[in-house]
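Student: What follows is the file protein-v6.cif, containing mmCIF, C-alpha atoms:
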data_structure
loop_
_atom_site.label_atom_id
_atom_site.label_comp_id
_atom_site.auth_asym_id
_atom_site.auth_seq_id
_atom_site.Cartn_x
_atom_site.Cartn_y
_atom_site.Cartn_z
CA MET A 111 36.10 -37.88 34.73
CA VAL A 112 36.86 -38.35 31.06
CA ASP A 113 34.74 -41.48 31.04
CA LYS A 114 31.79 -39.62 32.55
CA ALA A 115 32.27 -36.81 30.03
CA MET A 116 32.09 -39.39 27.25
CA GLU A 117 28.80 -40.70 28.72
CA LEU A 118 27.10 -37.30 28.50
CA LYS A 119 23.94 -37.28 26.38
CA TYR A 120 22.81 -33.66 26.72
CA ILE A 121 23.88 -30.28 28.05
CA GLY A 122 22.02 -27.98 30.41
CA GLY A 123 22.02 -26.03 33.66
CA VAL A 124 19.51 -26.50 36.46
CA TYR A 125 15.97 -27.85 36.06
CA GLY A 126 12.82 -28.76 37.99
CA GLY A 127 11.13 -27.20 40.98
CA ASN A 128 13.90 -28.34 43.32
CA VAL A 129 16.53 -26.73 41.00
CA LYS A 130 18.52 -29.86 40.31
CA PRO A 131 21.82 -29.52 38.42
CA SER A 132 22.29 -31.43 35.18
CA PRO A 133 25.19 -33.91 34.74
CA PHE A 134 26.83 -31.43 32.36
CA LEU A 135 26.86 -28.73 35.03
CA CYS A 136 28.16 -31.18 37.63
CA LEU A 137 31.15 -32.06 35.42
CA VAL A 138 31.89 -28.35 34.86
CA LEU A 139 32.00 -27.79 38.61
CA LYS A 140 34.20 -30.87 39.03
CA MET A 141 36.66 -29.46 36.47
CA LEU A 142 36.71 -26.16 38.37
CA GLN A 143 37.71 -28.10 41.46
CA ILE A 144 40.40 -30.13 39.72
CA GLN A 145 41.66 -27.20 37.61
CA PRO A 146 43.19 -29.22 34.75
CA GLU A 147 46.01 -27.80 32.69
CA LYS A 148 45.37 -25.76 29.57
CA ASP A 149 46.65 -28.54 27.27
CA ILE A 150 44.04 -30.97 28.60
CA VAL A 151 41.24 -28.44 28.02
CA VAL A 152 42.53 -27.83 24.49
CA GLU A 153 42.46 -31.58 23.84
CA PHE A 154 38.85 -31.64 25.02
CA ILE A 155 38.03 -28.88 22.51
CA ARG A 156 39.85 -30.61 19.65
CA ASN A 157 38.14 -33.93 20.27
CA GLU A 158 35.95 -34.62 17.19
CA ASN A 159 34.61 -38.03 18.17
CA PHE A 160 32.57 -36.97 21.20
CA LYS A 161 30.64 -33.76 20.71
CA TYR A 162 29.57 -33.34 24.35
CA VAL A 163 33.23 -33.62 25.46
CA ARG A 164 34.00 -30.78 23.06
CA ALA A 165 31.09 -28.73 24.43
CA LEU A 166 32.35 -29.35 27.98
CA GLY A 167 35.88 -28.20 27.12
CA ALA A 168 34.54 -25.08 25.30
CA PHE A 169 32.38 -24.13 28.28
CA TYR A 170 35.28 -24.56 30.72
CA MET A 171 37.60 -22.52 28.45
CA ARG A 172 35.02 -19.73 28.39
CA LEU A 173 34.89 -19.70 32.21
CA THR A 174 38.60 -19.79 32.92
CA GLY A 175 40.41 -18.69 29.76
CA THR A 176 41.55 -15.23 28.71
CA THR A 177 39.92 -13.23 25.96
CA LEU A 178 42.56 -14.21 23.40
CA ASP A 179 42.29 -17.90 24.32
CA CYS A 180 38.49 -17.82 24.02
CA PHE A 181 38.57 -16.37 20.51
CA LYS A 182 41.55 -18.50 19.48
CA TYR A 183 40.15 -21.89 20.52
CA LEU A 184 36.38 -21.36 20.27
CA GLU A 185 36.07 -19.63 16.90
CA PRO A 186 37.23 -22.74 14.93
CA LEU A 187 34.17 -24.51 16.37
CA TYR A 188 31.96 -22.32 14.17
CA TYR A 189 32.54 -24.93 11.45
CA ASP A 190 31.07 -27.73 13.58
CA TYR A 191 27.39 -28.10 12.67
CA ARG A 192 26.54 -31.21 14.71
CA LYS A 193 23.32 -31.30 16.71
CA LEU A 194 23.26 -31.07 20.50
CA LYS A 195 20.48 -31.90 22.92
CA ILE A 196 19.91 -29.16 25.52
CA GLN A 197 17.67 -29.22 28.60
CA ASN A 198 15.76 -26.14 29.78
CA ARG A 199 14.55 -25.21 33.27
CA GLU A 200 11.25 -27.11 32.85
CA GLY A 201 13.18 -30.30 32.11
CA GLU A 202 12.21 -30.28 28.45
CA PHE A 203 14.69 -30.98 25.67
CA HIS A 204 15.25 -29.23 22.36
CA LEU A 205 17.90 -29.32 19.65
CA LEU A 206 20.81 -26.92 19.27
CA HIS A 207 23.81 -26.92 16.93
CA MET A 208 27.42 -26.73 18.04
CA ASP A 209 28.10 -23.47 16.21
CA GLU A 210 25.06 -21.88 17.90
CA PHE A 211 26.28 -23.03 21.31
CA VAL A 212 29.75 -21.54 20.69
CA ASP A 213 28.23 -18.29 19.43
CA SER A 214 26.15 -17.99 22.60
CA LEU A 215 29.34 -18.55 24.67
CA LEU A 216 31.09 -15.65 22.89
CA ARG A 217 28.15 -13.25 22.82
CA ASP A 218 25.71 -13.97 25.66
CA GLU A 219 26.22 -13.14 29.34
CA ARG A 220 24.35 -16.17 30.73
CA VAL A 221 24.62 -19.75 29.41
CA CYS A 222 23.38 -22.89 31.17
CA ASP A 223 22.18 -20.76 34.11
CA ILE A 224 25.72 -19.50 34.81
CA ILE A 225 26.77 -15.89 34.39
CA LEU A 226 29.92 -15.86 32.27
CA PRO A 227 32.88 -13.54 32.90
CA ARG A 228 33.13 -10.54 30.62
CA ILE A 229 35.52 -10.50 27.69
CA GLN A 230 36.61 -7.75 25.34
CA LYS A 231 34.95 -7.22 21.99
CA ARG A 232 36.65 -8.68 18.98
CA HIS A 233 36.97 -5.38 17.10
CA VAL A 234 38.95 -3.94 20.05
CA LEU A 235 41.46 -6.78 19.81
CA GLU A 236 41.69 -6.30 16.06
CA GLU A 237 42.42 -2.58 16.46
CA ASN A 238 45.18 -3.45 18.96
CA ASN A 239 46.61 -5.97 16.46
CA GLN A 240 46.13 -8.79 18.96
CA LEU A 241 43.83 -10.72 16.62
CA GLU A 242 43.62 -10.97 12.87
CA SER A 243 40.38 -10.11 11.14
CA ARG A 244 38.12 -13.13 10.94
CA VAL A 245 37.36 -14.43 7.44
CA SER A 246 34.02 -16.14 7.09
CA ALA A 247 33.65 -19.31 5.05
CA LEU A 248 30.71 -17.71 3.23
CA ASP A 249 32.75 -14.80 1.87
CA GLU A 250 34.06 -16.79 -1.07
CA ASP A 251 30.57 -18.02 -1.97
CA LEU A 252 29.19 -14.48 -1.78
CA GLU A 253 31.97 -13.15 -4.00
CA ASP A 254 31.26 -15.87 -6.57
CA MET A 255 27.56 -15.04 -6.54
CA GLU A 256 28.24 -11.32 -6.95
CA SER A 257 30.62 -11.95 -9.87
CA ASP A 258 28.03 -14.17 -11.57
CA GLU A 259 25.39 -11.45 -11.16
CA GLU A 260 27.66 -8.67 -12.43
CA GLU A 261 28.49 -10.45 -15.72
CA PRO A 262 24.92 -10.49 -17.13
CA MET A 263 24.39 -6.97 -15.80
CA GLU A 264 27.34 -5.72 -17.83
CA ARG A 265 26.16 -7.50 -20.95
CA SER A 266 22.55 -6.24 -21.00
CA PRO A 267 21.39 -3.40 -18.76
CA SER A 268 18.12 -3.96 -16.99
CA PRO A 269 15.05 -1.78 -17.65
CA VAL A 270 15.55 -0.13 -14.26
CA ASP A 271 19.04 1.01 -15.30
CA ARG A 272 17.66 2.29 -18.59
CA ARG A 273 15.09 4.36 -16.80
CA LYS A 274 17.76 5.75 -14.50
CA SER A 275 19.97 6.61 -17.47
CA ASP A 276 17.05 8.30 -19.21
CA ARG A 277 16.30 10.31 -16.11
CA SER A 278 19.93 11.28 -15.69
CA SER A 279 20.22 12.49 -19.31
CA PRO A 280 20.61 16.27 -19.71
CA SER A 281 17.57 16.52 -21.98
CA ARG A 282 15.33 15.42 -19.11
CA HIS A 283 16.89 17.72 -16.53
CA ARG A 284 15.55 21.09 -17.57
CA ARG A 285 15.33 23.91 -15.17
CA SER A 286 12.01 25.53 -14.55
CA PRO A 287 11.74 29.04 -16.03
CA SER A 288 12.41 31.88 -13.67
CA PRO A 289 9.74 34.53 -12.95
CA ARG A 290 11.66 37.10 -15.01
CA SER A 291 11.59 34.89 -18.10
CA ARG A 292 7.85 34.34 -17.59
CA ASP A 293 7.23 38.10 -17.47
CA ARG A 294 9.23 38.57 -20.66
CA ARG A 295 7.20 35.94 -22.44
CA LYS A 296 3.94 37.57 -21.36
CA ARG A 297 5.12 40.95 -22.59
CA SER A 298 6.19 39.55 -25.96
CA ARG A 299 2.81 37.88 -26.38
CA SER A 300 0.91 41.06 -25.57
CA ARG A 301 3.05 43.00 -28.06
CA ASP A 302 2.35 40.45 -30.78
CA ARG A 303 -1.37 40.79 -30.15
CA GLU A 304 -1.21 44.58 -30.39
CA LYS A 305 0.71 44.38 -33.66
CA ARG A 306 -1.84 42.00 -35.10
CA HIS A 307 -4.67 44.25 -34.04
CA ARG A 308 -3.01 47.26 -35.65
CA SER A 309 -2.14 45.42 -38.85
CA ARG A 310 -5.78 44.66 -39.57
CA SER A 311 -7.20 46.67 -42.52
CA PRO A 312 -10.42 48.86 -42.38
CA THR A 313 -12.15 46.45 -44.75
CA ASP A 314 -11.89 43.78 -42.05
CA LYS A 315 -13.54 46.14 -39.61
CA ARG A 316 -16.37 46.81 -42.03
CA HIS A 317 -16.99 43.14 -42.58
CA ARG A 318 -17.09 42.63 -38.88
CA ASP A 319 -19.60 45.43 -38.42
CA ASP A 320 -21.77 43.97 -41.15
CA ASP A 321 -21.66 40.58 -39.57
CA ARG A 322 -22.65 42.01 -36.22
CA LYS A 323 -25.61 43.87 -37.76
CA LYS A 324 -26.79 40.75 -39.54
CA SER A 325 -26.58 38.72 -36.39
CA LYS A 326 -28.62 41.36 -34.52
CA LYS A 327 -31.31 41.31 -37.25
CA HIS A 328 -31.53 37.54 -37.10
CA ARG A 329 -31.88 37.66 -33.35
CA HIS A 330 -34.64 40.28 -33.60
CA GLU A 331 -36.54 38.28 -36.22
CA HIS A 332 -36.21 35.14 -34.18
CA LYS A 333 -37.61 36.91 -31.10
CA SER A 334 -40.54 38.34 -33.08
CA ARG A 335 -41.36 34.89 -34.43
CA ASP A 336 -41.35 33.47 -30.94
CA LYS A 337 -43.72 36.21 -29.78
CA ASP A 338 -46.15 35.54 -32.66
CA ARG A 339 -46.15 31.87 -31.85
CA ASP A 340 -46.92 32.57 -28.22
CA ARG A 341 -49.81 34.82 -29.20
CA GLU A 342 -51.28 32.20 -31.52
CA LYS A 343 -51.07 29.59 -28.80
CA ARG A 344 -52.80 31.87 -26.30
CA SER A 345 -55.63 32.76 -28.75
CA HIS A 346 -56.12 29.10 -29.62
CA ARG A 347 -56.37 28.19 -25.95
CA SER A 348 -58.90 30.99 -25.24
CA SER A 349 -61.08 29.90 -28.22
CA ARG A 350 -61.04 26.34 -26.96
CA HIS A 351 -62.18 27.44 -23.48
CA HIS A 352 -64.97 29.54 -24.99
CA LYS A 353 -66.27 26.62 -27.08
CA ASP A 354 -66.19 24.35 -24.08
CA ASP A 355 -68.24 26.82 -22.06
CA LYS A 356 -70.85 27.07 -24.85
CA ASP A 357 -71.15 23.29 -25.11
CA ARG A 358 -71.61 22.98 -21.38
CA SER A 359 -74.40 25.62 -21.38
CA ARG A 360 -76.18 23.85 -24.28
CA ASP A 361 -76.08 20.54 -22.46
CA LYS A 362 -77.58 22.13 -19.37
CA ASP A 363 -80.44 23.66 -21.43
CA ARG A 364 -81.18 20.33 -23.09
CA ASP A 365 -81.35 18.58 -19.73
CA LYS A 366 -83.81 21.18 -18.43
CA GLY A 367 -86.06 20.99 -21.52
CA GLY A 368 -86.20 17.18 -21.41
CA SER A 369 -87.31 17.16 -17.76
CA ARG A 370 -90.12 19.63 -18.57
CA LEU A 371 -91.40 17.57 -21.49
CA ASP A 372 -91.44 14.44 -19.33
CA SER A 373 -93.51 16.17 -16.65
CA LYS A 374 -96.05 17.43 -19.25
CA GLY A 375 -96.37 14.01 -20.80
CA ASP A 376 -97.10 12.51 -17.39
CA LEU A 377 -99.90 15.04 -16.65
CA SER A 378 -101.58 14.47 -20.00
CA VAL A 379 -101.74 10.69 -19.43
CA ALA A 380 -103.26 11.13 -15.94
CA GLU A 381 -105.89 13.55 -17.26
CA THR A 382 -106.83 11.21 -20.05
CA ASN A 383 -107.26 8.33 -17.61
CA GLU A 384 -109.52 10.47 -15.41
CA LEU A 385 -111.65 11.37 -18.39
CA ARG A 386 -111.82 7.75 -19.43
CA ALA A 387 -112.86 6.71 -15.94
CA SER A 388 -115.61 9.31 -15.89
CA LEU A 389 -116.83 8.06 -19.26
CA GLY A 390 -116.61 4.42 -18.19
CA LEU A 391 -113.80 3.56 -20.49
CA PRO A 392 -110.81 1.54 -19.53
CA PRO A 393 -107.64 3.51 -18.67
CA LEU A 394 -104.72 3.76 -21.04
CA LYS A 395 -101.81 1.52 -20.49
#
Can you turn what I pasted into structure tokens?

Tutor:
Amino acid sequence: MVDKAMELKYIGGVYGGNVKPSPFLCLVLKMLQIQPEKDIVVEFIRNENFKYVRALGAFYMRLTGTTLDCFKYLEPLYYDYRKLKIQNREGEFHLLHMDEFVDSLLRDERVCDIILPRIQKRHVLEENNQLESRVSALDEDLEDMESDEEEPMERSPSPVDRRKSDRSSPSRHRRSPSPRSRDRRKRSRSRDREKRHRSRSPTDKRHRDDDRKKSKKHRHEHKSRDKDRDREKRSHRSSRHHKDDKDRSRDKDRDKGGSRLDSKGDLSVAETNELRASLGLPPLK
């Protein structure tokens, strides 16, 4: 069985229209029949030379082991980033990493077409002091990055922080005036206006009256000038119309007189030709 486990080239469940089991699934079922001891399964998991043997031992531990054993023996495999070939139901292959496969064993309910038994959540075991809190390998890197970012921040504050500090300053935070204070201000302004009005001397009033009278006179003169201009324009227009009418009548009279003279001239020429014919003279041209 170990030799066949070493010959594995991919993992998977069932595939094809006839629902054929993969070699990986066949070996899992064979292990369920044999029921090897826990030490043998642990040796499968700790095997670093053959990755599919490790995947087989992890899958069997997830099926048969307790919750504590699953977290104890499978979580160290998070640091194994080797690639695995997995087969889907259509018989197609795609790549998967070992840490992803282990994470799916601890989180998912169905892996390789097999429904896995339920296990307790990790935080429940931590609250019961059955497991220690897991420390990620990325925590140290994140802490280093945060410390590197905090040092330049402490040296020179960013413009965003400056804006925040300016906004948080007491000079910016001023309360809006209450309606009572607004009424008081209005009253004080009206009182100041009344005092100014009273403090004005009679000479100022006289000057104002004089200015008003002068402005009225100027307005009246301006209106009278406008009226005179309108009258002149109207009289000029009427005179122009009258002249045009006279010229038209003269032209008509001239046309009539010219037509009369032409008719008289024609009659005189005809008469003279008749007289010439009676006398035997040649007619006039």

Student: Just how far from CA of Gly127 (chain A) is CA of Phe169 (chain A), in Å to one decimal?

Tutor: 24.9 Å

Student: Check the smallest atom-to-atom distance from each of A:Ile155, A:Arg228, A:Gln240, A:Gln197 to Val212 (chain A) using only C-alpha atoms, then report the winner.

Tutor: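 The shortest atom-to-atom distance to Val212 (chain A) comes from A:Ile155.
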
Student: For CA of Leu248 (chain A) and CA of Tyr188 (chain A), quote the distance in Å rounded to one decimal.

Tutor: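 So the two atoms, CA of Leu248 (chain A) and CA of Tyr188 (chain A), lie 11.9 Å apart.
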
Student: Translate the PyMOL selection byres ((chain A and resi 227) around 10), as applied to the file shown, into an explicit residue set as a list in words.

Tutor: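 Output of the PyMOL selection byres ((chain A and resi 227) around 10): Arg172, Leu173, Thr174, Gly175, Thr176, Thr177, Glu219, Arg220, Ile224, Ile225, Leu226, Arg228 and Ile229 of chain A.
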
Student: If we count only C-alpha atoms and set the cut-off at 9 Å, which residues sit around Arg232 (chain A), ignoring sequence neighbours fewer than 2 positions away in its own chain? Please answer as a list of chain:residue names.

Tutor: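 My reading of the contact set: A:Thr177, A:Phe181, A:Ile229, A:Gln230, A:Val234, A:Leu235, A:Glu236, A:Glu237, A:Leu241, A:Ser243.
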
Student: Between A:Asp113, A:Glu253, A:Asp336, A:Asp149, single out the one closest to Leu137 (chain A), counting all atoms listed in the file.

Tutor: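 Between A:Asp113, A:Glu253, A:Asp336, A:Asp149, the residue approaching Leu137 (chain A) most closely is A:Asp113.
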
Student: Just the number, please: distance in Å from CA of Leu194 (chain A) to CA of Asn128 (chain A), one decimal.

Tutor: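 Here the two named atoms are 24.8 Å from each other.
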
Student: Which residues are close to Leu205 (chain A), i.e. within 7 Å by all atoms listed in the file, leaving aside same-chain residues fewer than 5 positions away? Reply as a list in words.

Tutor: Lys193, Leu194, Lys195 and Ile196 of chain A

Student: Would you export the selected residues with C-alpha atoms as a CSV table (one decimal), in the frame of the given file, please?

Tutor:
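Saved as again_33.csv:
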chain,number,residue,atom,x,y,z
A,193,LYS,CA,23.3,-31.3,16.7
A,194,LEU,CA,23.3,-31.1,20.5
A,195,LYS,CA,20.5,-31.9,22.9
A,196,ILE,CA,19.9,-29.2,25.5

Student: Please tabulate, as JSON lines, the residues of region 160-279 of chain A that come within 12 Å of region 118-122 of chain A, each with its closest pair of atoms and the distance in Å to one decimal, counting all atoms listed in the file and ordering rows by chain, then residue number upward.

Tutor:
{"residue": "A:Phe160", "atom": "CA", "partner": "A:Leu118", "partner_atom": "CA", "distance": 9.1}
{"residue": "A:Lys161", "atom": "CA", "partner": "A:Leu118", "partner_atom": "CA", "distance": 9.3}
{"residue": "A:Tyr162", "atom": "CA", "partner": "A:Leu118", "partner_atom": "CA", "distance": 6.2}
{"residue": "A:Val163", "atom": "CA", "partner": "A:Leu118", "partner_atom": "CA", "distance": 7.8}
{"residue": "A:Arg164", "atom": "CA", "partner": "A:Leu118", "partner_atom": "CA", "distance": 10.9}
{"residue": "A:Ala165", "atom": "CA", "partner": "A:Ile121", "partner_atom": "CA", "distance": 8.2}
{"residue": "A:Leu166", "atom": "CA", "partner": "A:Ile121", "partner_atom": "CA", "distance": 8.5}
{"residue": "A:Phe169", "atom": "CA", "partner": "A:Ile121", "partner_atom": "CA", "distance": 10.5}
{"residue": "A:Lys193", "atom": "CA", "partner": "A:Tyr120", "partner_atom": "CA", "distance": 10.3}
{"residue": "A:Leu194", "atom": "CA", "partner": "A:Tyr120", "partner_atom": "CA", "distance": 6.8}
{"residue": "A:Lys195", "atom": "CA", "partner": "A:Tyr120", "partner_atom": "CA", "distance": 4.8}
{"residue": "A:Ile196", "atom": "CA", "partner": "A:Ile121", "partner_atom": "CA", "distance": 4.8}
{"residue": "A:Gln197", "atom": "CA", "partner": "A:Gly122", "partner_atom": "CA", "distance": 4.9}
{"residue": "A:Asn198", "atom": "CA", "partner": "A:Gly122", "partner_atom": "CA", "distance": 6.6}
{"residue": "A:Arg199", "atom": "CA", "partner": "A:Gly122", "partner_atom": "CA", "distance": 8.5}
{"residue": "A:Glu200", "atom": "CA", "partner": "A:Gly122", "partner_atom": "CA", "distance": 11.1}
{"residue": "A:Gly201", "atom": "CA", "partner": "A:Gly122", "partner_atom": "CA", "distance": 9.3}
{"residue": "A:Glu202", "atom": "CA", "partner": "A:Gly122", "partner_atom": "CA", "distance": 10.3}
{"residue": "A:Phe203", "atom": "CA", "partner": "A:Tyr120", "partner_atom": "CA", "distance": 8.6}
{"residue": "A:His204", "atom": "CA", "partner": "A:Tyr120", "partner_atom": "CA", "distance": 9.8}
{"residue": "A:Leu205", "atom": "CA", "partner": "A:Tyr120", "partner_atom": "CA", "distance": 9.6}
{"residue": "A:Leu206", "atom": "CA", "partner": "A:Ile121", "partner_atom": "CA", "distance": 9.9}
{"residue": "A:His207", "atom": "CA", "partner": "A:Ile121", "partner_atom": "CA", "distance": 11.6}
{"residue": "A:Met208", "atom": "CA", "partner": "A:Ile121", "partner_atom": "CA", "distance": 11.2}
{"residue": "A:Phe211", "atom": "CA", "partner": "A:Ile121", "partner_atom": "CA", "distance": 10.2}
{"residue": "A:Val221", "atom": "CA", "partner": "A:Gly122", "partner_atom": "CA", "distance": 8.7}
{"residue": "A:Cys222", "atom": "CA", "partner": "A:Gly122", "partner_atom": "CA", "distance": 5.3}
{"residue": "A:Asp223", "atom": "CA", "partner": "A:Gly122", "partner_atom": "CA", "distance": 8.1}
{"residue": "A:Ile224", "atom": "CA", "partner": "A:Gly122", "partner_atom": "CA", "distance": 10.2}

Student: Of the candidates A:Gly390, A:Pro186, A:Gly123, A:Gly167, which one gets nearest to Lys148 (chain A) if we count all atoms listed in the file?

Tutor: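 Of the candidates, the smallest distance to Lys148 (chain A) is held by A:Gly167.
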